[in-house]
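Enquirer: Dropping in model_22.txt, which is compact mmCIF, C-alpha atoms:
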```txt
# COMPACT_ATOMS: atom_id res chain seq x y z
CA MET O 1 -198.92 -8.73 -56.01
CA SER O 2 -195.76 -7.53 -57.72
CA GLY O 3 -194.73 -5.85 -54.47
CA ASP O 4 -194.89 -9.18 -52.62
CA THR O 5 -192.91 -11.09 -55.20
CA SER O 6 -190.22 -8.44 -55.44
CA SER O 7 -189.72 -8.40 -51.67
CA GLU O 8 -189.54 -12.21 -51.71
CA MET O 9 -186.94 -11.97 -54.44
CA THR O 10 -184.81 -9.54 -52.46
CA GLN O 11 -185.05 -11.78 -49.43
CA LEU O 12 -183.99 -14.75 -51.50
CA LEU O 13 -181.14 -12.82 -53.06
CA SER O 14 -179.88 -11.57 -49.72
CA ALA O 15 -179.97 -15.10 -48.40
CA LEU O 16 -177.67 -16.17 -51.21
CA SER O 17 -174.99 -13.63 -50.49
CA LEU O 18 -172.11 -14.81 -48.33
CA ASP O 19 -170.93 -11.67 -46.67
CA GLY O 20 -174.26 -10.28 -45.58
CA LYS O 21 -174.42 -7.54 -48.15
CA PRO O 22 -177.12 -7.61 -50.81
CA VAL O 23 -175.85 -9.61 -53.77
CA ALA O 24 -176.04 -6.65 -56.13
CA GLU O 25 -173.54 -4.79 -53.93
CA SER O 26 -171.03 -7.47 -53.06
CA ARG O 27 -168.54 -7.97 -55.85
CA GLN O 28 -168.00 -11.68 -56.03
CA ILE O 29 -168.15 -14.14 -58.86
CA ASN O 30 -168.33 -17.87 -58.74
CA GLY O 31 -164.89 -19.43 -58.59
CA SER O 32 -165.63 -22.03 -61.24
CA VAL O 33 -166.35 -19.34 -63.84
CA PHE O 34 -162.74 -19.48 -64.97
CA GLU O 35 -162.97 -23.17 -65.74
CA PHE O 36 -165.73 -22.35 -68.22
CA PHE O 37 -163.80 -19.44 -69.61
CA LEU O 38 -160.53 -21.28 -70.25
CA PRO O 39 -161.73 -23.63 -73.04
CA GLU O 40 -163.38 -20.70 -74.78
CA LEU O 41 -160.16 -18.70 -74.54
CA VAL O 42 -158.11 -21.53 -76.02
CA ASN O 43 -160.64 -22.24 -78.77
CA THR O 44 -160.88 -18.59 -79.75
CA LEU O 45 -157.12 -18.22 -79.95
CA VAL O 46 -156.80 -21.39 -82.02
CA ALA O 47 -159.59 -20.31 -84.36
CA THR O 48 -158.22 -16.81 -84.86
CA THR O 49 -154.72 -18.14 -85.46
CA VAL O 50 -156.05 -20.58 -88.06
CA GLU O 51 -158.00 -17.79 -89.69
CA THR O 52 -155.08 -15.36 -89.88
CA LYS O 53 -152.90 -18.09 -91.32
CA ARG O 54 -155.51 -18.87 -93.97
CA ALA O 55 -155.87 -15.17 -94.79
CA ALA O 56 -152.11 -14.84 -95.15
CA GLU O 57 -151.99 -17.86 -97.44
CA ARG O 58 -154.79 -16.53 -99.61
CA LEU O 59 -153.03 -13.19 -99.82
CA ALA O 60 -149.79 -14.93 -100.76
CA LEU O 61 -151.58 -16.82 -103.54
CA GLY O 62 -152.96 -13.55 -104.83
CA LEU O 63 -156.60 -14.40 -104.07
CA GLU O 64 -159.04 -12.14 -102.27
CA THR O 65 -159.09 -12.21 -98.52
CA GLU O 66 -162.85 -12.92 -98.31
CA PRO O 67 -163.73 -16.63 -98.45
CA GLU O 68 -166.42 -17.59 -100.95
CA ASP O 69 -169.22 -17.74 -98.46
CA PRO O 70 -171.69 -20.34 -99.75
CA ALA O 71 -169.02 -22.78 -100.89
CA GLU O 72 -166.67 -22.73 -97.91
CA GLN O 73 -168.92 -22.17 -94.95
CA PRO O 74 -170.94 -25.42 -94.89
CA GLU O 75 -167.91 -27.72 -94.74
CA ASP O 76 -166.30 -25.72 -91.96
CA ALA O 77 -169.58 -25.39 -90.11
CA GLY O 78 -170.11 -29.13 -90.40
CA ASN O 79 -166.80 -29.94 -88.77
CA THR O 80 -166.89 -27.42 -85.99
CA GLU O 81 -170.51 -28.00 -85.13
CA ALA O 82 -170.00 -31.65 -84.35
CA ASP O 83 -167.03 -30.89 -82.17
CA SER O 84 -168.22 -27.68 -80.55
CA SER O 85 -171.33 -29.45 -79.34
CA ALA O 86 -169.00 -31.82 -77.52
CA GLY O 87 -167.07 -28.86 -76.11
CA TRP O 88 -163.76 -29.62 -77.86
CA VAL O 89 -162.46 -28.09 -81.06
CA GLU O 90 -160.16 -30.44 -82.87
CA LEU O 91 -156.69 -29.02 -82.49
CA PRO O 92 -154.97 -28.56 -85.84
CA ASP O 93 -151.95 -30.78 -86.37
CA ASP O 94 -149.89 -27.92 -87.73
CA SER O 95 -147.07 -27.51 -85.24
CA GLU O 96 -146.11 -24.04 -86.43
CA LEU O 97 -149.68 -22.92 -85.82
CA MET O 98 -149.75 -24.44 -82.37
CA GLU O 99 -146.46 -22.69 -81.70
CA GLN O 100 -148.17 -19.38 -82.41
CA VAL O 101 -151.08 -20.29 -80.15
CA PHE O 102 -148.57 -21.20 -77.45
CA VAL O 103 -146.90 -17.80 -77.75
CA LYS O 104 -150.23 -16.01 -77.48
CA LEU O 105 -151.51 -18.01 -74.51
CA GLU O 106 -148.21 -17.70 -72.72
CA ALA O 107 -148.20 -13.94 -73.28
CA VAL O 108 -151.68 -13.67 -71.78
CA GLY O 109 -150.53 -15.68 -68.78
CA PHE O 110 -147.42 -13.52 -68.49
CA ARG O 111 -149.41 -10.31 -68.18
CA VAL O 112 -151.77 -11.93 -65.68
CA GLY O 113 -148.82 -13.24 -63.67
CA ARG O 114 -147.19 -9.84 -63.36
CA ARG O 115 -150.35 -8.34 -61.95
CA LEU O 116 -150.93 -11.28 -59.62
CA ALA O 117 -147.44 -10.92 -58.21
CA GLU O 118 -147.79 -7.24 -57.48
CA ARG O 119 -151.25 -7.68 -56.02
CA PHE O 120 -150.56 -10.67 -53.76
CA ALA O 121 -146.91 -10.37 -52.85
CA PRO O 122 -146.37 -10.30 -49.09
CA LEU O 123 -146.29 -6.75 -47.86
CA ASN O 124 -144.13 -6.92 -44.81
CA ARG O 125 -141.17 -8.77 -46.17
CA ARG O 126 -139.59 -8.85 -49.59
CA LEU O 127 -138.61 -12.11 -51.24
CA VAL O 128 -134.97 -12.03 -52.21
CA ASP O 129 -134.04 -15.64 -52.74
CA THR O 130 -135.22 -17.33 -55.95
CA LEU O 131 -136.14 -20.41 -53.95
CA ASP O 132 -138.34 -18.25 -51.70
CA ILE O 133 -140.08 -16.83 -54.73
CA VAL O 134 -140.73 -20.31 -56.17
CA LYS O 135 -142.06 -21.45 -52.80
CA PHE O 136 -144.35 -18.41 -52.77
CA VAL O 137 -145.66 -19.52 -56.17
CA CYS O 138 -146.16 -23.09 -54.99
CA LYS O 139 -147.97 -22.20 -51.83
CA ASP O 140 -149.67 -18.81 -52.00
CA ILE O 141 -150.37 -18.42 -55.69
CA TRP O 142 -151.51 -22.00 -56.14
CA MET O 143 -153.77 -21.60 -53.11
CA LEU O 144 -155.29 -18.46 -54.63
CA LEU O 145 -155.80 -19.91 -58.08
CA PHE O 146 -156.61 -23.54 -57.38
CA ASN O 147 -157.36 -23.71 -53.66
CA ARG O 148 -154.59 -26.21 -53.03
CA GLN O 149 -150.81 -26.29 -52.94
CA VAL O 150 -148.36 -27.85 -55.33
CA ASP O 151 -147.67 -31.47 -54.38
CA ASN O 152 -143.99 -31.71 -55.04
CA LEU O 153 -141.19 -29.21 -55.57
CA LYS O 154 -137.78 -30.39 -56.71
CA THR O 155 -134.71 -28.32 -57.42
CA ASN O 156 -131.15 -28.93 -58.42
CA HIS O 157 -130.06 -25.74 -56.65
CA ARG O 158 -128.57 -24.53 -59.92
CA GLY O 159 -131.59 -22.73 -61.25
CA VAL O 160 -133.92 -25.55 -62.29
CA TYR O 161 -137.14 -26.10 -60.35
CA VAL O 162 -139.74 -28.76 -61.03
CA LEU O 163 -143.27 -28.33 -59.70
CA GLN O 164 -145.53 -31.32 -59.73
CA ASP O 165 -149.27 -31.12 -59.25
CA ASN O 166 -151.07 -34.47 -59.14
CA LYS O 167 -154.61 -33.15 -59.24
CA PHE O 168 -154.41 -30.06 -61.37
CA LYS O 169 -157.71 -28.28 -60.92
CA TRP O 170 -158.29 -27.35 -64.52
CA PHE O 171 -157.73 -30.94 -65.62
CA LEU O 172 -160.07 -32.54 -63.13
CA ARG O 173 -163.12 -32.02 -65.30
CA MET O 174 -161.45 -33.03 -68.54
CA SER O 175 -161.85 -36.50 -69.91
CA GLY O 176 -161.48 -37.84 -73.41
CA ASN O 177 -162.72 -40.99 -75.02
CA CYS O 178 -159.40 -41.44 -76.78
CA GLY O 179 -157.22 -42.83 -74.05
CA GLY O 180 -154.56 -41.45 -71.75
CA ALA O 181 -151.78 -40.33 -74.05
CA ALA O 182 -154.00 -38.76 -76.70
CA ALA O 183 -156.05 -36.97 -74.03
CA ALA O 184 -152.85 -35.62 -72.51
CA ARG O 185 -151.79 -34.29 -75.90
CA ARG O 186 -155.15 -32.60 -76.41
CA ALA O 187 -154.89 -30.99 -73.00
CA GLN O 188 -151.56 -29.34 -73.86
CA PRO O 189 -152.85 -25.86 -74.72
CA TYR O 190 -154.65 -25.58 -71.39
CA ILE O 191 -151.40 -25.88 -69.56
CA TRP O 192 -149.67 -23.07 -71.45
CA LEU O 193 -151.59 -20.36 -69.64
CA PRO O 194 -150.30 -21.41 -66.19
CA CYS O 195 -146.77 -21.51 -67.67
CA GLY O 196 -147.15 -17.87 -68.60
CA ILE O 197 -148.56 -17.02 -65.19
CA ILE O 198 -145.56 -18.56 -63.44
CA ARG O 199 -143.14 -16.81 -65.75
CA GLY O 200 -144.93 -13.49 -65.22
CA ILE O 201 -144.73 -13.81 -61.44
CA LEU O 202 -141.03 -14.63 -61.49
CA GLU O 203 -140.31 -11.83 -63.95
CA SER O 204 -142.10 -9.41 -61.66
CA PHE O 205 -139.64 -10.30 -58.91
CA GLY O 206 -136.77 -9.77 -61.30
CA VAL O 207 -135.98 -13.41 -62.14
CA SER O 208 -135.90 -14.19 -65.87
CA THR O 209 -137.02 -17.72 -66.57
CA VAL O 210 -138.26 -20.14 -69.17
CA VAL O 211 -141.21 -22.25 -68.04
CA VAL O 212 -142.38 -25.39 -69.81
CA ALA O 213 -144.99 -27.88 -68.78
CA GLU O 214 -145.99 -31.38 -69.63
CA THR O 215 -148.62 -33.81 -68.57
CA LEU O 216 -148.27 -37.58 -68.51
CA GLY O 217 -151.73 -38.55 -67.36
CA LEU O 218 -154.61 -36.15 -67.19
CA PRO O 219 -155.04 -34.87 -63.66
CA GLN O 220 -151.30 -34.71 -63.21
CA CYS O 221 -149.02 -32.05 -64.64
CA THR O 222 -145.44 -30.95 -64.18
CA PHE O 223 -144.00 -27.47 -64.63
CA GLN O 224 -140.30 -26.99 -65.17
CA ILE O 225 -138.76 -23.59 -64.39
CA LYS O 226 -135.31 -22.80 -65.76
CA VAL O 227 -133.67 -19.61 -64.58
CA VAL O 228 -132.08 -17.77 -67.47
CA SER O 229 -129.05 -15.92 -66.21
CA ASP O 230 -127.62 -12.95 -68.01
CA GLU O 231 -124.10 -14.29 -68.12
CA MET P 1 -143.90 26.34 -40.69
CA SER P 2 -144.35 25.71 -44.32
CA ALA P 3 -143.57 22.20 -45.42
CA THR P 4 -142.72 21.10 -48.91
CA TYR P 5 -142.71 17.56 -50.16
CA TYR P 6 -141.69 16.05 -53.46
CA PHE P 7 -142.99 12.56 -54.23
CA ALA P 8 -141.78 10.39 -57.09
CA ILE P 9 -142.49 6.87 -58.24
CA VAL P 10 -139.52 5.30 -60.02
CA GLY P 11 -140.17 2.17 -62.06
CA SER P 12 -138.14 -0.99 -62.10
CA ALA P 13 -136.26 0.23 -65.17
CA ASP P 14 -135.28 3.39 -63.26
CA SER P 15 -137.59 5.62 -65.26
CA PRO P 16 -139.90 8.01 -63.38
CA LEU P 17 -143.53 6.94 -63.54
CA TYR P 18 -145.09 9.72 -61.53
CA GLU P 19 -144.07 12.94 -59.77
CA ALA P 20 -145.97 15.27 -57.46
CA GLU P 21 -145.26 18.21 -55.21
CA PHE P 22 -147.20 18.92 -52.04
CA GLY P 23 -147.28 21.81 -49.66
CA VAL P 24 -145.95 25.28 -50.11
CA GLN P 25 -143.58 25.76 -53.02
CA ARG P 26 -140.56 27.90 -52.32
CA ASN P 27 -137.82 29.04 -54.62
CA GLU P 28 -136.19 25.69 -55.13
CA ASN P 29 -136.48 24.45 -58.67
CA LYS P 30 -138.13 21.20 -59.44
CA HIS P 31 -135.04 19.80 -61.13
CA LEU P 32 -133.09 20.13 -57.93
CA HIS P 33 -135.65 17.85 -56.28
CA GLN P 34 -135.35 15.39 -59.14
CA PHE P 35 -131.57 15.47 -58.93
CA VAL P 36 -131.50 14.71 -55.21
CA VAL P 37 -134.00 11.87 -55.55
CA HIS P 38 -132.12 10.41 -58.48
CA ALA P 39 -128.88 10.48 -56.55
CA ALA P 40 -130.59 8.75 -53.66
CA LEU P 41 -131.58 5.79 -55.84
CA ASP P 42 -128.14 4.24 -55.42
CA LEU P 43 -128.44 4.45 -51.67
CA VAL P 44 -131.82 2.75 -51.90
CA GLU P 45 -130.16 -0.20 -53.59
CA ASP P 46 -127.56 -0.34 -50.86
CA ALA P 47 -130.24 -0.30 -48.21
CA LEU P 48 -132.05 -3.15 -49.96
CA PHE P 49 -129.13 -5.44 -49.21
CA THR P 50 -129.36 -4.89 -45.50
CA THR P 51 -133.05 -5.37 -44.84
CA ASN P 52 -136.02 -7.45 -45.94
CA ALA P 53 -138.59 -4.81 -45.16
CA CYS P 54 -140.40 -2.72 -47.73
CA TYR P 55 -140.25 0.62 -45.94
CA LEU P 56 -136.66 1.83 -45.91
CA LYS P 57 -137.10 4.97 -43.79
CA ILE P 58 -134.58 7.71 -44.50
CA VAL P 59 -131.93 6.61 -46.96
CA ASP P 60 -130.22 9.91 -47.70
CA THR P 61 -130.00 13.51 -46.54
CA TYR P 62 -129.04 16.61 -48.48
CA ASN P 63 -128.63 19.82 -46.49
CA ASP P 64 -132.05 20.18 -44.89
CA TRP P 65 -133.78 17.55 -46.96
CA ASN P 66 -134.31 13.90 -46.18
CA VAL P 67 -135.14 11.24 -48.72
CA SER P 68 -137.31 8.33 -47.57
CA ALA P 69 -137.97 5.33 -49.73
CA TYR P 70 -140.36 2.40 -49.99
CA VAL P 71 -139.71 -0.51 -52.34
CA THR P 72 -142.47 -2.70 -53.72
CA PRO P 73 -141.94 -6.41 -54.41
CA SER P 74 -141.51 -5.73 -58.12
CA ASN P 75 -138.73 -3.21 -57.47
CA VAL P 76 -140.78 -0.07 -58.01
CA ARG P 77 -139.49 2.65 -55.69
CA LEU P 78 -141.67 5.25 -54.01
CA MET P 79 -139.45 8.16 -52.97
CA LEU P 80 -140.38 11.11 -50.82
CA LEU P 81 -138.26 14.21 -50.36
CA HIS P 82 -139.17 15.92 -47.09
CA GLU P 83 -137.83 18.21 -44.42
CA VAL P 84 -139.93 17.18 -41.44
CA LYS P 85 -139.12 13.74 -40.06
CA ALA P 86 -142.39 11.92 -39.43
CA GLU P 87 -141.71 8.21 -39.82
CA GLU P 88 -145.10 6.73 -39.05
CA ALA P 89 -147.03 9.21 -41.14
CA ILE P 90 -144.70 8.69 -44.07
CA ARG P 91 -144.92 4.91 -43.72
CA ALA P 92 -148.74 5.10 -43.79
CA PHE P 93 -148.59 7.42 -46.78
CA PHE P 94 -146.31 4.98 -48.65
CA ILE P 95 -148.50 2.00 -47.88
CA ASP P 96 -151.60 3.75 -49.19
CA CYS P 97 -149.72 4.90 -52.29
CA HIS P 98 -148.61 1.32 -52.88
CA GLU P 99 -152.23 0.15 -52.76
CA LEU P 100 -153.14 2.88 -55.22
CA PHE P 101 -150.32 1.75 -57.49
CA VAL P 102 -151.49 -1.86 -57.37
CA LYS P 103 -154.96 -0.71 -58.38
CA THR P 104 -153.40 1.13 -61.32
CA LEU P 105 -151.56 -2.06 -62.29
CA THR P 106 -154.77 -4.07 -62.40
CA ASN P 107 -155.91 -1.83 -65.26
CA PRO P 108 -155.29 -4.06 -68.30
CA PHE P 109 -154.41 -1.05 -70.42
CA TYR P 110 -151.60 0.00 -68.15
CA ASP P 111 -148.14 -1.37 -68.76
CA PRO P 112 -145.78 -1.17 -65.78
CA SER P 113 -143.24 0.83 -67.76
CA MET P 114 -145.62 3.62 -68.79
CA PRO P 115 -145.84 6.91 -66.87
CA ILE P 116 -149.02 7.22 -64.85
CA GLN P 117 -151.12 9.96 -66.36
CA SER P 118 -154.50 9.30 -64.80
CA GLN P 119 -156.08 12.32 -63.20
CA ALA P 120 -157.94 10.18 -60.70
CA PHE P 121 -154.61 8.78 -59.52
CA ASP P 122 -153.23 12.29 -59.20
CA ALA P 123 -156.25 13.46 -57.22
CA LYS P 124 -156.06 10.48 -54.86
CA VAL P 125 -152.34 10.97 -54.24
CA HIS P 126 -152.94 14.60 -53.36
CA SER P 127 -155.75 13.67 -51.00
CA LEU P 128 -153.48 11.07 -49.32
CA ALA P 129 -150.80 13.70 -48.93
CA LYS P 130 -153.29 16.03 -47.33
CA LYS P 131 -154.34 13.26 -44.98
CA TYR P 132 -150.91 12.10 -43.83
CA LEU P 133 -148.32 14.74 -44.59
CA LEU P 134 -149.79 18.20 -44.51
```
Please re-express this file's structure in structure tokens.

Expert:
Amino acid sequence: MSGDTSSEMTQLLSALSLDGKPVAESRQINGSVFEFFLPELVNTLVATTVETKRAAERLALGLETEPEDPAEQPEDAGNTEADSSAGWVELPDDSELMEQVFVKLEAVGFRVGRRLAERFAPLNRRLVDTLDIVKFVCKDIWMLLFNRQVDNLKTNHRGVYVLQDNKFKWFLRMSGNCGGAAAARRAQPYIWLPCGIIRGILESFGVSTVVVAETLGLPQCTFQIKVVSDE
Amino acid sequence: MSATYYFAIVGSADSPLYEAEFGVQRNENKHLHQFVVHAALDLVEDALFTTNACYLKIVDTYNDWNVSAYVTPSNVRLMLLHEVKAEEAIRAFFIDCHELFVKTLTNPFYDPSMPIQSQAFDAKVHSLAKKYLL
């Protein structure tokens, strides 16, 4: 009995694999896994930043670092439970805190970008021109990450490049019941990671830049790359 | 014919990330190898202006020795000091070493400015040298 079911299982599993190898051997993961991972990453960074700020404040006031468990936990749990069941954690309004979250997310993206550049840079020719490097980001990297290319690339030929993506993949599944502008503001942290990735890729090719991003309506977002020259 | 090779990986900040010697060691001191390779770094930069390719072939010679170089997209230079001229074998060796380097980079604990101290990396480089150079 168990022998039959296990052989059926292996047949089923091998039917699911795409490259003919048994699924346990082929090292592939579902491409949409990252879209599940990104909100968790942002929420964790926001929560830990809030927590370290609170701990620092308590320390500054001379109190202990441990919160009084029974008193404080229920009110926090009440707030986060309602929101975490909906999948969104309410972003704190504190701009200094969000600045710290931005720095952390951008740093994560930076490290990822450096490795992406080294791993996927074209082998037979080196990219010398900054415009070539930006085009490489728009076409190859975007194709790898999001399975499409950037819609519009503008430059002023003096070191400023604007990349416009009208259907940004990570925004396609996001919707809010609060209207366009508020939803765009809530989606801000999710766009900081790609900023870091772009900056990491350019840095890996030796071009120092500052990358900022904004979104006007949810599936659309715009990245602005400014080359920082040493002079 | 005994053949000696000295292989070095120089990072983008011009600091050495990895060094290895292959083949029979003769009387030459290791710092002479380092000196010649270091002096050849300038010539590598000159060669970068002329070509778009990654493999720069022989960039410098010093008495009997030739220095070949390979530059990765993030400006990490793989330098090989050799006496025998074997372009295709050296090109294949460089390409495999580049792949090995990219695998090292994907390690999240490795920062591109740190020297590479992994023994597995060392063992693989030696096996590549045995395959292509010796």

Enquirer: What are the residues of chain P lining chain O at 12 Å or less? Count all atoms listed in the file, and put the answer as a VMD selection string.

Expert: chain P and resid 11 to 13 48 to 56 70 to 76 91 94 to 96 98 to 113

Enquirer: How many Å lie between atom CA of P:Thr61 and atom CA of P:Met79, rounded to one decimal?

Expert: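 It comes out at 12.6 Å.
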
Enquirer: Taking (-132.5, 5.0, -43.8) in the file's own coordinates, collect the residues within 10 Å, counting all atoms listed in the file, and hand them back as a list in words.

Expert: Leu43, Val44, Ala47, Tyr55, Leu56, Lys57, Ile58, Val59, Asp60, Thr61, Asn66, Val67, Ser68 and Ala69 of chain P

Enquirer: Just the number, please: distance in Å from atom CA of P:Tyr62 to atom CA of P:Lys85, one decimal.

Expert: 13.4 Å

Enquirer: Identify, on the basis of all atoms listed in the file, every residue whose closest approach to O:Thr49 does not exceed 10 Å; exclude the query and any residue fewer than 4 positions from it along the same chain; express the result as a PyMOL selection string.

Expert: chain O and resi 43-45+53-55+97-98+100-101+104

Enquirer: Give me the residues near O:Gly159 as a list in words, where near means some atom within 8 Å (using all atoms listed in the file) and where sequence neighbours in that chain fewer than 6 positions away do not count.

Expert: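 What passes the distance filter is Ile225, Lys226, Val227 and Val228 of chain O.
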
Enquirer: Go ahead and save the residues from that selection, with C-alpha atoms, as a CSV table (one decimal), in the frame of the given file.

Expert:
```csv
chain,number,residue,atom,x,y,z
O,225,ILE,CA,-138.8,-23.6,-64.4
O,226,LYS,CA,-135.3,-22.8,-65.8
O,227,VAL,CA,-133.7,-19.6,-64.6
O,228,VAL,CA,-132.1,-17.8,-67.5
```

Enquirer: Could you please determine the separation between atom CA of O:Leu216 and atom CA of O:Ala184 in Å, to one decimal place?

Expert: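 Between atom CA of O:Leu216 and atom CA of O:Ala184 the gap is 6.4 Å.
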
Enquirer: Quick one: everything within 7 Å of O:Phe223, counting all atoms listed in the file, minus sequence neighbours fewer than 6 positions away in the same chain. Send it as a ChimeraX atom specification.

Expert: /O:162-164,211-214

Enquirer: Restricting the calculation to only C-alpha atoms, which member of O:Pro194, O:Pro39, O:Gly200, O:Pro189 is positioned closest to O:Phe146?

Expert: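 Ranked by minimum distance to O:Phe146, first place goes to O:Pro194.
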
Enquirer: For a quick check of your reading of the model, name the residues lying within 12 Å of the coordinate (-133.8, 15.4, -57.1), counting only C-alpha atoms, and write them as a JSON list (two decimals) with C-alpha atoms, in the frame of the given file.

Expert:
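Printed below is part-v2.json as written:
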```
[["chain", "number", "residue", "atom", "x", "y", "z"],
["P", 5, "TYR", "CA", -142.71, 17.56, -50.16],
["P", 6, "TYR", "CA", -141.69, 16.05, -53.46],
["P", 7, "PHE", "CA", -142.99, 12.56, -54.23],
["P", 8, "ALA", "CA", -141.78, 10.39, -57.09],
["P", 10, "VAL", "CA", -139.52, 5.30, -60.02],
["P", 16, "PRO", "CA", -139.90, 8.01, -63.38],
["P", 19, "GLU", "CA", -144.07, 12.94, -59.77],
["P", 21, "GLU", "CA", -145.26, 18.21, -55.21],
["P", 28, "GLU", "CA", -136.19, 25.69, -55.13],
["P", 29, "ASN", "CA", -136.48, 24.45, -58.67],
["P", 30, "LYS", "CA", -138.13, 21.20, -59.44],
["P", 31, "HIS", "CA", -135.04, 19.80, -61.13],
["P", 32, "LEU", "CA", -133.09, 20.13, -57.93],
["P", 33, "HIS", "CA", -135.65, 17.85, -56.28],
["P", 34, "GLN", "CA", -135.35, 15.39, -59.14],
["P", 35, "PHE", "CA", -131.57, 15.47, -58.93],
["P", 36, "VAL", "CA", -131.50, 14.71, -55.21],
["P", 37, "VAL", "CA", -134.00, 11.87, -55.55],
["P", 38, "HIS", "CA", -132.12, 10.41, -58.48],
["P", 39, "ALA", "CA", -128.88, 10.48, -56.55],
["P", 40, "ALA", "CA", -130.59, 8.75, -53.66],
["P", 41, "LEU", "CA", -131.58, 5.79, -55.84],
["P", 60, "ASP", "CA", -130.22, 9.91, -47.70],
["P", 61, "THR", "CA", -130.00, 13.51, -46.54],
["P", 62, "TYR", "CA", -129.04, 16.61, -48.48],
["P", 65, "TRP", "CA", -133.78, 17.55, -46.96],
["P", 66, "ASN", "CA", -134.31, 13.90, -46.18],
["P", 67, "VAL", "CA", -135.14, 11.24, -48.72],
["P", 79, "MET", "CA", -139.45, 8.16, -52.97],
["P", 80, "LEU", "CA", -140.38, 11.11, -50.82],
["P", 81, "LEU", "CA", -138.26, 14.21, -50.36],
["P", 82, "HIS", "CA", -139.17, 15.92, -47.09]]
```
